[in-house]
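A.B. asks: Below is input_33.txt; it holds compact mmCIF, C-alpha atoms.
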```
# COMPACT_ATOMS: atom_id res chain seq x y z
CA MET A 1 -9.40 22.81 -5.97
CA LYS A 2 -6.22 22.11 -7.87
CA PHE A 3 -5.89 18.94 -9.91
CA LEU A 4 -2.68 17.96 -11.71
CA HIS A 5 -1.64 14.87 -13.61
CA GLU A 6 1.71 14.25 -15.27
CA ARG A 7 3.84 11.29 -16.26
CA PHE A 8 7.52 10.79 -16.89
CA GLU A 9 9.53 7.95 -18.33
CA VAL A 10 12.28 5.92 -16.71
CA ARG A 11 14.38 3.53 -18.80
CA THR A 12 15.52 0.61 -16.68
CA LYS A 13 18.70 -1.28 -17.58
CA GLU A 14 18.59 -4.54 -15.62
CA ARG A 15 16.08 -7.30 -14.98
CA PHE A 16 15.99 -6.28 -11.31
CA GLU A 17 16.74 -2.69 -10.36
CA VAL A 18 15.78 -0.19 -7.66
CA ILE A 19 15.82 3.40 -8.90
CA ASP A 20 15.51 6.56 -6.82
CA VAL A 21 13.00 8.86 -8.59
CA THR A 22 12.54 11.40 -5.76
CA ASP A 23 14.13 14.30 -7.63
CA LYS A 24 11.62 14.01 -10.50
CA VAL A 25 8.75 14.03 -7.99
CA LYS A 26 10.11 17.14 -6.26
CA GLU A 27 10.55 18.82 -9.66
CA PHE A 28 6.84 18.21 -10.39
CA ILE A 29 5.80 19.89 -7.14
CA TYR A 30 8.16 22.83 -7.69
CA ASN A 31 7.28 23.37 -11.38
CA ASN A 32 3.54 23.35 -10.68
CA SER A 33 3.62 25.61 -7.61
CA VAL A 34 1.74 22.98 -5.66
CA THR A 35 0.99 24.07 -2.07
CA ASN A 36 -1.07 21.62 0.02
CA GLY A 37 -2.62 18.28 -0.79
CA LEU A 38 -2.16 14.61 -1.57
CA LEU A 39 0.09 13.31 -4.32
CA SER A 40 -0.27 9.82 -5.72
CA ILE A 41 2.86 8.30 -7.28
CA SER A 42 2.03 5.24 -9.37
CA VAL A 43 3.11 2.98 -12.21
CA PRO A 44 0.64 1.69 -14.83
CA HIS A 45 2.62 -1.58 -14.87
CA THR A 46 2.09 -5.04 -13.33
CA THR A 47 5.75 -6.11 -13.03
CA ALA A 48 7.18 -3.02 -11.34
CA ALA A 49 6.30 -1.39 -8.01
CA ILE A 50 6.57 1.89 -6.13
CA ALA A 51 7.84 2.03 -2.56
CA ILE A 52 9.18 4.62 -0.14
CA ASN A 53 12.36 3.75 1.71
CA GLU A 54 16.05 4.57 1.94
CA ALA A 55 18.16 4.80 -1.24
CA GLU A 56 21.20 3.18 0.35
CA ARG A 57 23.11 1.08 -2.20
CA GLY A 58 23.28 -2.08 -0.05
CA LEU A 59 19.61 -1.86 0.88
CA MET A 60 18.62 -1.50 -2.77
CA GLU A 61 20.41 -4.81 -3.43
CA ASP A 62 18.73 -6.34 -0.37
CA ILE A 63 15.31 -5.36 -1.74
CA VAL A 64 16.09 -7.37 -4.88
CA THR A 65 17.45 -10.27 -2.81
CA SER A 66 14.31 -10.34 -0.65
CA ILE A 67 12.03 -10.33 -3.73
CA ARG A 68 13.99 -13.24 -5.20
CA SER A 69 13.75 -15.13 -1.88
CA LEU A 70 10.04 -14.59 -1.31
CA PHE A 71 8.84 -15.07 -4.90
CA ASN A 72 11.48 -17.41 -6.34
CA PRO A 73 11.65 -16.70 -10.11
CA GLU A 74 12.65 -20.37 -10.73
CA ARG A 75 9.53 -21.79 -9.08
CA ALA A 76 6.92 -23.45 -11.30
CA TRP A 77 4.44 -20.57 -11.11
CA LYS A 78 1.42 -21.09 -13.38
CA HIS A 79 1.77 -17.63 -14.91
CA ASN A 80 5.21 -18.66 -16.22
CA LEU A 81 3.42 -20.81 -18.80
CA VAL A 82 2.15 -17.52 -20.27
CA ASP A 83 5.08 -15.18 -19.59
CA ASN A 84 8.22 -15.86 -17.58
CA ASN A 85 7.73 -13.16 -14.94
CA ALA A 86 5.30 -14.40 -12.28
CA HIS A 87 7.72 -13.37 -9.51
CA ALA A 88 7.45 -9.75 -10.69
CA HIS A 89 3.63 -9.77 -10.76
CA LEU A 90 3.53 -11.34 -7.30
CA ALA A 91 5.97 -8.92 -5.68
CA ALA A 92 4.14 -6.00 -7.34
CA THR A 93 0.84 -7.32 -5.93
CA PHE A 94 2.32 -7.28 -2.43
CA ILE A 95 4.41 -4.08 -2.54
CA GLY A 96 1.84 -2.13 -4.55
CA ASN A 97 1.90 -0.04 -7.72
CA SER A 98 1.50 3.27 -5.88
CA ARG A 99 2.17 5.34 -2.79
CA CYS A 100 0.42 8.48 -1.54
CA VAL A 101 2.49 11.31 -0.08
CA SER A 102 1.48 14.61 1.47
CA VAL A 103 2.51 18.02 0.26
CA VAL A 104 2.52 20.80 2.89
CA ASN A 105 3.48 24.41 2.14
CA GLY A 106 4.95 23.32 -1.18
CA THR A 107 7.17 20.64 0.39
CA ILE A 108 6.77 16.89 -0.06
CA GLN A 109 6.50 15.30 3.38
CA LEU A 110 9.25 12.71 3.25
CA GLY A 111 11.34 11.86 6.29
CA ARG A 112 15.09 12.39 6.36
CA TRP A 113 15.88 8.94 4.90
CA GLN A 114 12.78 8.45 2.78
CA ARG A 115 13.10 8.36 -0.99
CA VAL A 116 10.59 7.37 -3.67
CA LEU A 117 11.79 4.11 -5.24
CA LEU A 118 10.81 2.50 -8.53
CA ILE A 119 11.30 -1.25 -8.23
CA GLU A 120 11.91 -2.91 -11.61
CA MET A 121 11.46 -6.67 -11.58
CA ASP A 122 11.14 -7.56 -15.26
CA GLY A 123 13.48 -5.16 -17.07
CA PRO A 124 15.07 -3.74 -18.95
CA ARG A 125 12.01 -1.77 -20.05
CA SER A 126 10.66 1.71 -20.53
CA ARG A 127 8.55 2.52 -17.45
CA LEU A 128 6.10 5.35 -16.80
CA ILE A 129 5.61 7.03 -13.46
CA GLU A 130 2.36 8.90 -13.00
CA LEU A 131 1.93 11.80 -10.59
CA THR A 132 -1.57 12.87 -9.61
CA PHE A 133 -2.17 15.77 -7.24
CA VAL A 134 -5.41 16.80 -5.52
CA GLY A 135 -5.27 19.82 -3.25
CA GLU A 136 -4.71 23.55 -3.46
CA MET B 1 -11.73 22.50 -0.09
CA LYS B 2 -10.45 21.64 3.34
CA PHE B 3 -6.82 20.72 3.88
CA LEU B 4 -5.45 19.62 7.23
CA HIS B 5 -2.07 18.32 8.32
CA GLU B 6 -1.05 17.27 11.82
CA ARG B 7 1.45 14.96 13.43
CA PHE B 8 1.66 13.21 16.75
CA GLU B 9 4.42 11.31 18.52
CA VAL B 10 4.45 7.70 19.66
CA ARG B 11 7.26 6.44 21.89
CA THR B 12 7.89 2.76 21.23
CA LYS B 13 9.37 0.54 23.93
CA GLU B 14 10.57 -2.62 22.19
CA ARG B 15 12.62 -3.50 19.11
CA PHE B 16 9.48 -5.03 17.54
CA GLU B 17 6.08 -3.71 18.54
CA VAL B 18 2.62 -3.31 17.03
CA ILE B 19 0.73 -0.33 18.46
CA ASP B 20 -2.93 0.54 17.94
CA VAL B 21 -3.11 4.29 17.13
CA THR B 22 -6.75 4.39 15.98
CA ASP B 23 -7.97 6.55 18.86
CA LYS B 24 -5.50 9.34 18.00
CA VAL B 25 -6.68 9.25 14.37
CA LYS B 26 -10.34 9.49 15.42
CA GLU B 27 -9.47 12.37 17.77
CA PHE B 28 -7.96 14.27 14.82
CA ILE B 29 -11.16 13.87 12.78
CA TYR B 30 -13.37 14.87 15.70
CA ASN B 31 -11.25 17.87 16.80
CA ASN B 32 -11.10 19.29 13.26
CA SER B 33 -14.79 18.82 12.41
CA VAL B 34 -13.79 16.91 9.30
CA THR B 35 -16.82 15.81 7.23
CA ASN B 36 -16.00 14.03 3.94
CA GLY B 37 -12.72 13.20 2.24
CA LEU B 38 -9.56 11.15 2.17
CA LEU B 39 -7.18 10.88 5.10
CA SER B 40 -3.60 9.72 4.67
CA ILE B 41 -1.94 8.18 7.73
CA SER B 42 1.82 7.91 7.31
CA VAL B 43 5.17 7.68 9.05
CA PRO B 44 8.22 9.68 7.88
CA HIS B 45 10.38 6.68 8.84
CA THR B 46 12.05 3.86 6.91
CA THR B 47 12.09 1.19 9.64
CA ALA B 48 8.45 1.40 10.77
CA ALA B 49 5.23 0.84 8.82
CA ILE B 50 1.52 1.63 8.93
CA ALA B 51 -1.10 -1.07 8.36
CA ILE B 52 -4.79 -1.57 8.95
CA ASN B 53 -5.86 -4.81 10.60
CA GLU B 54 -7.18 -6.25 13.84
CA ALA B 55 -5.64 -5.24 17.18
CA GLU B 56 -5.93 -8.72 18.67
CA ARG B 57 -3.02 -9.46 21.01
CA GLY B 58 -2.07 -12.82 19.44
CA LEU B 59 -2.26 -11.41 15.93
CA MET B 60 -0.02 -8.49 16.88
CA GLU B 61 2.61 -11.05 17.96
CA ASP B 62 2.04 -13.03 14.75
CA ILE B 63 2.73 -9.89 12.68
CA VAL B 64 6.14 -9.63 14.38
CA THR B 65 6.75 -13.38 13.90
CA SER B 66 5.91 -13.16 10.20
CA ILE B 67 8.23 -10.17 9.69
CA ARG B 68 11.07 -12.07 11.40
CA SER B 69 10.36 -15.14 9.22
CA LEU B 70 10.16 -13.31 5.90
CA PHE B 71 13.03 -10.84 6.45
CA ASN B 72 15.31 -12.75 8.85
CA PRO B 73 17.18 -10.11 10.94
CA GLU B 74 20.16 -12.52 11.24
CA ARG B 75 20.64 -12.88 7.48
CA ALA B 76 23.74 -11.26 5.94
CA TRP B 77 21.85 -8.35 4.36
CA LYS B 78 24.16 -5.80 2.73
CA HIS B 79 22.53 -2.89 4.53
CA ASN B 80 23.59 -4.45 7.83
CA LEU B 81 27.16 -3.35 7.05
CA VAL B 82 25.84 0.22 7.40
CA ASP B 83 23.19 -0.20 10.10
CA ASN B 84 21.92 -3.39 11.70
CA ASN B 85 18.27 -3.05 10.63
CA ALA B 86 17.88 -4.23 7.03
CA HIS B 87 14.93 -6.45 8.03
CA ALA B 88 13.03 -3.34 9.18
CA HIS B 89 13.69 -1.42 5.95
CA LEU B 90 12.64 -4.44 3.88
CA ALA B 91 9.40 -5.11 5.75
CA ALA B 92 8.57 -1.37 5.63
CA THR B 93 9.16 -1.41 1.86
CA PHE B 94 6.64 -4.24 1.48
CA ILE B 95 4.00 -3.19 4.04
CA GLY B 96 4.25 0.50 3.24
CA ASN B 97 4.72 3.69 5.23
CA SER B 98 1.12 4.84 4.79
CA ARG B 99 -2.53 3.94 4.39
CA CYS B 100 -5.39 6.03 2.99
CA VAL B 101 -8.77 5.89 4.71
CA SER B 102 -12.11 7.51 3.86
CA VAL B 103 -14.02 9.87 6.08
CA VAL B 104 -17.80 10.01 5.48
CA ASN B 105 -20.17 12.25 7.47
CA GLY B 106 -17.44 12.84 10.04
CA THR B 107 -16.79 9.13 10.58
CA ILE B 108 -13.64 7.25 9.62
CA GLN B 109 -14.64 4.30 7.41
CA LEU B 110 -13.04 1.41 9.25
CA GLY B 111 -14.70 -1.98 9.41
CA ARG B 112 -15.73 -3.57 12.69
CA TRP B 113 -12.34 -5.23 13.28
CA GLN B 114 -10.11 -2.72 11.53
CA ARG B 115 -7.66 -0.66 13.53
CA VAL B 116 -4.79 1.58 12.45
CA LEU B 117 -1.54 -0.11 13.46
CA LEU B 118 1.94 1.36 13.80
CA ILE B 119 4.48 -1.41 13.24
CA GLU B 120 7.80 -0.71 14.96
CA MET B 121 10.67 -2.87 13.71
CA ASP B 122 13.76 -1.03 14.96
CA GLY B 123 12.77 0.40 18.33
CA PRO B 124 12.69 1.63 20.90
CA ARG B 125 12.40 5.05 19.26
CA SER B 126 10.32 8.17 19.12
CA ARG B 127 8.06 7.88 16.06
CA LEU B 128 5.92 10.46 14.30
CA ILE B 129 2.57 9.73 12.70
CA GLU B 130 1.38 12.23 10.12
CA LEU B 131 -2.27 12.81 9.27
CA THR B 132 -3.16 14.62 6.07
CA PHE B 133 -6.76 15.31 5.08
CA VAL B 134 -8.13 16.51 1.76
CA GLY B 135 -11.88 16.95 1.48
CA GLU B 136 -14.63 19.13 2.90
CA MET C 1 -14.93 19.94 -4.92
CA LYS C 2 -16.71 16.69 -5.63
CA PHE C 3 -16.92 13.99 -2.98
CA LEU C 4 -18.49 10.60 -3.62
CA HIS C 5 -18.73 7.46 -1.53
CA GLU C 6 -20.38 4.18 -2.55
CA ARG C 7 -20.07 0.54 -1.68
CA PHE C 8 -20.95 -2.67 -3.46
CA GLU C 9 -21.10 -6.29 -2.36
CA VAL C 10 -19.14 -9.25 -3.67
CA ARG C 11 -20.08 -12.79 -2.61
CA THR C 12 -17.00 -14.99 -2.58
CA LYS C 13 -17.33 -18.75 -3.07
CA GLU C 14 -14.03 -20.25 -1.95
CA ARG C 15 -11.70 -19.96 1.03
CA PHE C 16 -9.06 -18.42 -1.24
CA GLU C 17 -10.15 -16.52 -4.33
CA VAL C 18 -8.93 -13.64 -6.48
CA ILE C 19 -11.77 -11.70 -8.09
CA ASP C 20 -11.52 -9.02 -10.77
CA VAL C 21 -13.77 -6.11 -9.72
CA THR C 22 -12.54 -3.55 -12.28
CA ASP C 23 -15.83 -3.34 -14.18
CA LYS C 24 -17.73 -2.30 -11.04
CA VAL C 25 -15.15 0.42 -10.37
CA LYS C 26 -15.43 1.73 -13.94
CA GLU C 27 -19.23 1.70 -13.64
CA PHE C 28 -18.97 3.91 -10.53
CA ILE C 29 -16.87 6.47 -12.41
CA TYR C 30 -19.16 6.43 -15.44
CA ASN C 31 -22.44 6.59 -13.46
CA ASN C 32 -21.25 9.53 -11.37
CA SER C 33 -19.76 11.59 -14.21
CA VAL C 34 -16.49 11.79 -12.33
CA THR C 35 -13.85 13.84 -14.20
CA ASN C 36 -10.53 14.31 -12.36
CA GLY C 37 -9.33 13.20 -8.96
CA LEU C 38 -8.23 10.40 -6.68
CA LEU C 39 -10.29 7.28 -6.07
CA SER C 40 -9.71 5.05 -3.07
CA ILE C 41 -10.79 1.42 -3.44
CA SER C 42 -10.91 -0.36 -0.08
CA VAL C 43 -12.39 -3.20 1.92
CA PRO C 44 -13.61 -2.77 5.52
CA HIS C 45 -12.33 -6.29 6.23
CA THR C 46 -9.24 -7.72 7.93
CA THR C 47 -9.01 -11.06 6.08
CA ALA C 48 -9.32 -9.81 2.49
CA ALA C 49 -7.15 -7.39 0.53
CA ILE C 50 -7.21 -5.11 -2.52
CA ALA C 51 -4.42 -5.17 -5.09
CA ILE C 52 -3.84 -4.00 -8.64
CA ASN C 53 -2.34 -6.50 -11.04
CA GLU C 54 -3.14 -8.70 -14.03
CA ALA C 55 -6.29 -10.85 -14.04
CA GLU C 56 -4.61 -13.77 -15.77
CA ARG C 57 -6.04 -17.09 -14.54
CA GLY C 58 -2.67 -18.72 -13.77
CA LEU C 59 -1.41 -15.62 -11.95
CA MET C 60 -4.56 -15.48 -9.82
CA GLU C 61 -3.75 -19.03 -8.67
CA ASP C 62 -0.11 -18.04 -8.10
CA ILE C 63 -1.23 -15.18 -5.83
CA VAL C 64 -3.05 -17.73 -3.66
CA THR C 65 -0.05 -20.09 -3.77
CA SER C 66 2.31 -17.31 -2.69
CA ILE C 67 0.04 -16.28 0.20
CA ARG C 68 -0.09 -19.91 1.40
CA SER C 69 3.73 -20.16 1.13
CA LEU C 70 4.53 -16.92 2.92
CA PHE C 71 1.88 -17.13 5.67
CA ASN C 72 1.40 -20.89 6.04
CA PRO C 73 -2.21 -21.44 7.28
CA GLU C 74 -1.07 -24.61 9.14
CA ARG C 75 1.55 -22.79 11.23
CA ALA C 76 0.86 -22.39 14.97
CA TRP C 77 0.00 -18.68 14.74
CA LYS C 78 -1.20 -17.26 18.07
CA HIS C 79 -4.29 -15.70 16.48
CA ASN C 80 -5.44 -19.21 15.49
CA LEU C 81 -6.30 -19.80 19.15
CA VAL C 82 -9.00 -17.13 18.67
CA ASP C 83 -10.03 -17.70 15.05
CA ASN C 84 -8.47 -20.03 12.49
CA ASN C 85 -7.46 -17.38 9.94
CA ALA C 86 -4.20 -15.74 11.02
CA HIS C 87 -2.71 -16.28 7.53
CA ALA C 88 -5.48 -14.08 6.08
CA HIS C 89 -4.93 -11.25 8.58
CA LEU C 90 -1.17 -11.37 7.98
CA ALA C 91 -1.37 -11.32 4.19
CA ALA C 92 -3.96 -8.50 4.39
CA THR C 93 -1.58 -6.54 6.64
CA PHE C 94 1.16 -6.84 4.02
CA ILE C 95 -0.86 -6.43 0.81
CA GLY C 96 -3.12 -3.75 2.23
CA ASN C 97 -6.87 -3.19 2.41
CA SER C 98 -6.88 -0.41 -0.19
CA ARG C 99 -5.36 1.08 -3.32
CA CYS C 100 -5.58 4.64 -4.66
CA VAL C 101 -6.07 5.19 -8.39
CA SER C 102 -6.20 8.35 -10.46
CA VAL C 103 -9.11 9.46 -12.62
CA VAL C 104 -8.24 11.77 -15.52
CA ASN C 105 -10.81 13.13 -17.97
CA GLY C 106 -13.34 10.59 -16.73
CA THR C 107 -11.01 7.65 -17.25
CA ILE C 108 -9.48 5.48 -14.54
CA GLN C 109 -5.70 5.46 -15.02
CA LEU C 110 -4.97 1.76 -15.17
CA GLY C 111 -2.29 0.36 -17.41
CA ARG C 112 -3.04 -2.09 -20.19
CA TRP C 113 -2.73 -5.17 -17.94
CA GLN C 114 -3.82 -3.64 -14.65
CA ARG C 115 -7.05 -4.78 -13.03
CA VAL C 116 -8.46 -4.13 -9.56
CA LEU C 117 -8.36 -7.42 -7.63
CA LEU C 118 -10.23 -8.44 -4.50
CA ILE C 119 -8.20 -11.08 -2.68
CA GLU C 120 -10.36 -13.32 -0.50
CA MET C 121 -8.39 -15.34 2.04
CA ASP C 122 -11.05 -16.49 4.50
CA GLY C 123 -14.14 -17.13 2.41
CA PRO C 124 -16.71 -17.87 1.40
CA ARG C 125 -18.14 -14.60 2.70
CA SER C 126 -20.08 -11.52 1.70
CA ARG C 127 -17.50 -8.76 1.13
CA LEU C 128 -17.97 -5.01 0.70
CA ILE C 129 -15.87 -2.84 -1.56
CA GLU C 130 -15.89 0.88 -0.81
CA LEU C 131 -15.20 3.54 -3.41
CA THR C 132 -14.35 7.05 -2.25
CA PHE C 133 -13.66 9.84 -4.71
CA VAL C 134 -12.20 13.29 -4.07
CA GLY C 135 -11.78 15.59 -7.04
CA GLU C 136 -13.87 17.44 -9.55
```
Please rewrite the model in this file as structure tokens.
C.D. replies:
Amino acid sequence: MKFLHERFEVRTKERFEVIDVTDKVKEFIYNNSVTNGLLSISVPHTTAAIAINEAERGLMEDIVTSIRSLFNPERAWKHNLVDNNAHAHLAATFIGNSRCVSVVNGTIQLGRWQRVLLIEMDGPRSRLIELTFVGE
Amino acid sequence: MKFLHERFEVRTKERFEVIDVTDKVKEFIYNNSVTNGLLSISVPHTTAAIAINEAERGLMEDIVTSIRSLFNPERAWKHNLVDNNAHAHLAATFIGNSRCVSVVNGTIQLGRWQRVLLIEMDGPRSRLIELTFVGE
Amino acid sequence: MKFLHERFEVRTKERFEVIDVTDKVKEFIYNNSVTNGLLSISVPHTTAAIAINEAERGLMEDIVTSIRSLFNPERAWKHNLVDNNAHAHLAATFIGNSRCVSVVNGTIQLGRWQRVLLIEMDGPRSRLIELTFVGE
């Protein structure tokens, strides 16, 4: 069995931002000669999320718009008495802090339009992305 | 270590549709004499999602209703200038393109009411479901 | 390869409740001398969910508030003709019934503020949490 664990940093620049990190994930697979298995992509944060979808510029703005609509940052959330970012915690709870992807014959199994997206909702900050592989 | 990867096709018939694909997943486990491990069920698509919940007819309609409510297809999403399906990308970003399930003693660990659901949000299309197993 | 599967029970007390179950997950890793791998944390239920976020009291109330806002329990959902809990099924479909976490050198890779949360949306009930480990 092969087990690998690595992390890399992403510096976000805006309060809300969607960042395509697919190339860094592919680099990890290539550099480690990974063949077959499951790869977990996660953030150790509670106000950012990981998703897999298209990295089209308009859609990336729509993702932010939808988060603002569903979890209105101006609403009187109780957590905002502690820290003014409840919307980010709530969206991260729904979207999730990780995704699992398959690796087959050394290739990450993403569809034609799929990209790995880091969703920043309380930036700018330094974020970590963790990659954990179990396989062969 | 045992590694398996297979895909099967599902042809959807409507723009919005929730399809129970549990039997195909169970068939995969049975046909491959899988014993213990983790199974990832995913779609390589950005306008469909995978979820685990009950396959009750009314609920399957409610899932579509809730997607339409939360990510209104008629809203002026920026991605709709490129392709008229932003709602589907957004719901897929939130729900996710995959779920991980456990296999124990050759049995998929789903609760009494749990079924694996493909959620089509931009059909009708030909969709692929990928099954990736790591275990023994 | 090491494969482990265990479950533990949580008795919820309210209709809506967010419960921090991180200590039980850490106990599982410690008791089984788990070193490196992927751990799936899941519920075999369709009206409860698993998420990873902060266990701050106000935020836990906000999670319930946001679920009630997004999937209004009073709405005429079709599933409510069968059982009066469509909101719980819908939120569980979006949030998910499981999360995958990494274990590295015997330590669960959770960030400083991350906790494993059971989200009850149709309690009070007896709930099961399943832990499945694949690794070494």
A.B. asks: Taking only C-alpha atoms into account, which of C:Gly111, C:Pro44, C:Pro124, C:Gly96 comes nearest chain A?
C.D. replies: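 The shortest atom-to-atom distance to chain A comes from C:Gly111.
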A.B. asks: Sort by chain and increasing residue number a table of all residues of chain C within 10 Å of chain B, each with its closest pair of atoms and their distance in Å to one decimal, counting all atoms listed in the file, and write it as a tab-separated table.
C.D. replies:
```
residue	atom	partner	partner_atom	distance
C:Met1	CA	B:Met1	CA	6.3
C:Lys2	CA	B:Gly135	CA	8.6
C:Phe3	CA	B:Gly37	CA	6.7
C:Leu4	CA	B:Gly37	CA	8.6
C:His5	CA	B:Val104	CA	7.5
C:Leu38	CA	B:Leu38	CA	9.0
C:Leu39	CA	B:Leu38	CA	9.1
C:Ser40	CA	B:Cys100	CA	7.5
C:Ile41	CA	B:Val101	CA	9.5
C:Ser42	CA	B:Val101	CA	8.2
C:Val43	CA	B:Gly111	CA	7.9
C:Pro44	CA	B:Gly111	CA	4.1
C:His45	CA	B:Gly111	CA	5.9
C:Thr46	CA	B:Asn53	CA	5.2
C:Thr47	CA	B:Asn53	CA	8.3
C:Leu70	CA	B:Leu70	CA	7.3
C:Phe71	CA	B:Ser66	CA	7.2
C:Asn72	CA	B:Ser66	CA	9.9
C:Ala76	CA	B:Asp62	CA	9.4
C:Trp77	CA	B:Asp62	CA	6.0
C:Lys78	CA	B:Gly58	CA	4.7
C:His79	CA	B:Gly58	CA	4.7
C:Asn80	CA	B:Gly58	CA	8.2
C:Leu81	CA	B:Gly58	CA	8.2
C:Val82	CA	B:Gly58	CA	8.2
C:Asn85	CA	B:Leu59	CA	9.9
C:Ala86	CA	B:Leu59	CA	6.8
C:His87	CA	B:Asp62	CA	9.2
C:His89	CA	B:Asn53	CA	6.8
C:Leu90	CA	B:Ile63	CA	6.3
C:Ala91	CA	B:Ile63	CA	9.5
C:Ala92	CA	B:Asn53	CA	7.5
C:Thr93	CA	B:Ala51	CA	5.8
C:Phe94	CA	B:Ile95	CA	4.6
C:Ile95	CA	B:Ile95	CA	6.7
C:Gly96	CA	B:Ala51	CA	7.0
C:Asn97	CA	B:Ile52	CA	7.1
C:Ser98	CA	B:Cys100	CA	7.3
C:Arg99	CA	B:Cys100	CA	8.0
C:Cys100	CA	B:Cys100	CA	7.8
C:Leu128	CA	B:Gly111	CA	9.8
C:Glu130	CA	B:Ser102	CA	8.9
C:Leu131	CA	B:Ser102	CA	8.8
C:Thr132	CA	B:Ser102	CA	6.5
C:Phe133	CA	B:Gly37	CA	7.8
C:Val134	CA	B:Gly37	CA	6.3
C:Gly135	CA	B:Gly135	CA	8.6
```
A.B. asks: To one decimal in Å, tell me the separation between atom CA of Val25 of chain A and atom CA of Thr107 of chain A.
C.D. replies: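 Separation between atom CA of Val25 of chain A and atom CA of Thr107 of chain A: 10.8 Å.
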A.B. asks: Report, in Å with one decimal, the straight-line distance from atom CA of Asn105 of chain A to atom CA of Asn32 of chain B.
C.D. replies: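 Separating atom CA of Asn105 of chain A from atom CA of Asn32 of chain B is a distance of 19.0 Å.
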A.B. asks: Restricting the calculation to all atoms listed in the file: of B:Pro73, B:Ala88, B:Ile108, B:Phe16, which residue gets closest to Ser33 of chain B?
C.D. replies: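 The answer is B:Ile108, which sits nearest to Ser33 of chain B.
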A.B. asks: Work out how far apart atom CA of Val21 of chain A and atom CA of Asn84 of chain A are and give it in Å to one decimal.
C.D. replies: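 Atom-to-atom, atom CA of Val21 of chain A and atom CA of Asn84 of chain A are spaced 26.7 Å apart.
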A.B. asks: Will you give me segment 75-95 of chain B, written with C-alpha atoms and laid out as a short mmCIF file (atom, residue, chain, number, x, y, z; two decimals), in the first residue's frame?
C.D. replies:
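Written output follows (part.cif):
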```cif
data_model
loop_
_atom_site.label_atom_id
_atom_site.label_comp_id
_atom_site.auth_asym_id
_atom_site.auth_seq_id
_atom_site.Cartn_x
_atom_site.Cartn_y
_atom_site.Cartn_z
CA ARG B 75 -31.88 34.46 -12.36
CA ALA B 76 -29.35 36.52 -14.34
CA TRP B 77 -26.37 34.32 -13.45
CA LYS B 78 -23.18 35.36 -15.27
CA HIS B 79 -22.49 31.83 -16.46
CA ASN B 80 -25.79 31.93 -18.37
CA LEU B 81 -24.10 34.26 -20.89
CA VAL B 82 -21.91 31.25 -21.77
CA ASP B 83 -24.34 28.36 -21.29
CA ASN B 84 -27.85 28.42 -19.88
CA ASN B 85 -27.24 26.11 -16.91
CA ALA B 86 -25.64 28.08 -14.07
CA HIS B 87 -28.23 26.70 -11.61
CA ALA B 88 -26.97 23.16 -12.34
CA HIS B 89 -23.30 24.08 -11.83
CA LEU B 90 -24.14 25.86 -8.58
CA ALA B 91 -26.24 23.05 -7.10
CA ALA B 92 -23.56 20.52 -8.13
CA THR B 93 -20.93 22.67 -6.38
CA PHE B 94 -22.95 22.54 -3.16
CA ILE B 95 -24.22 18.93 -3.26
#
```
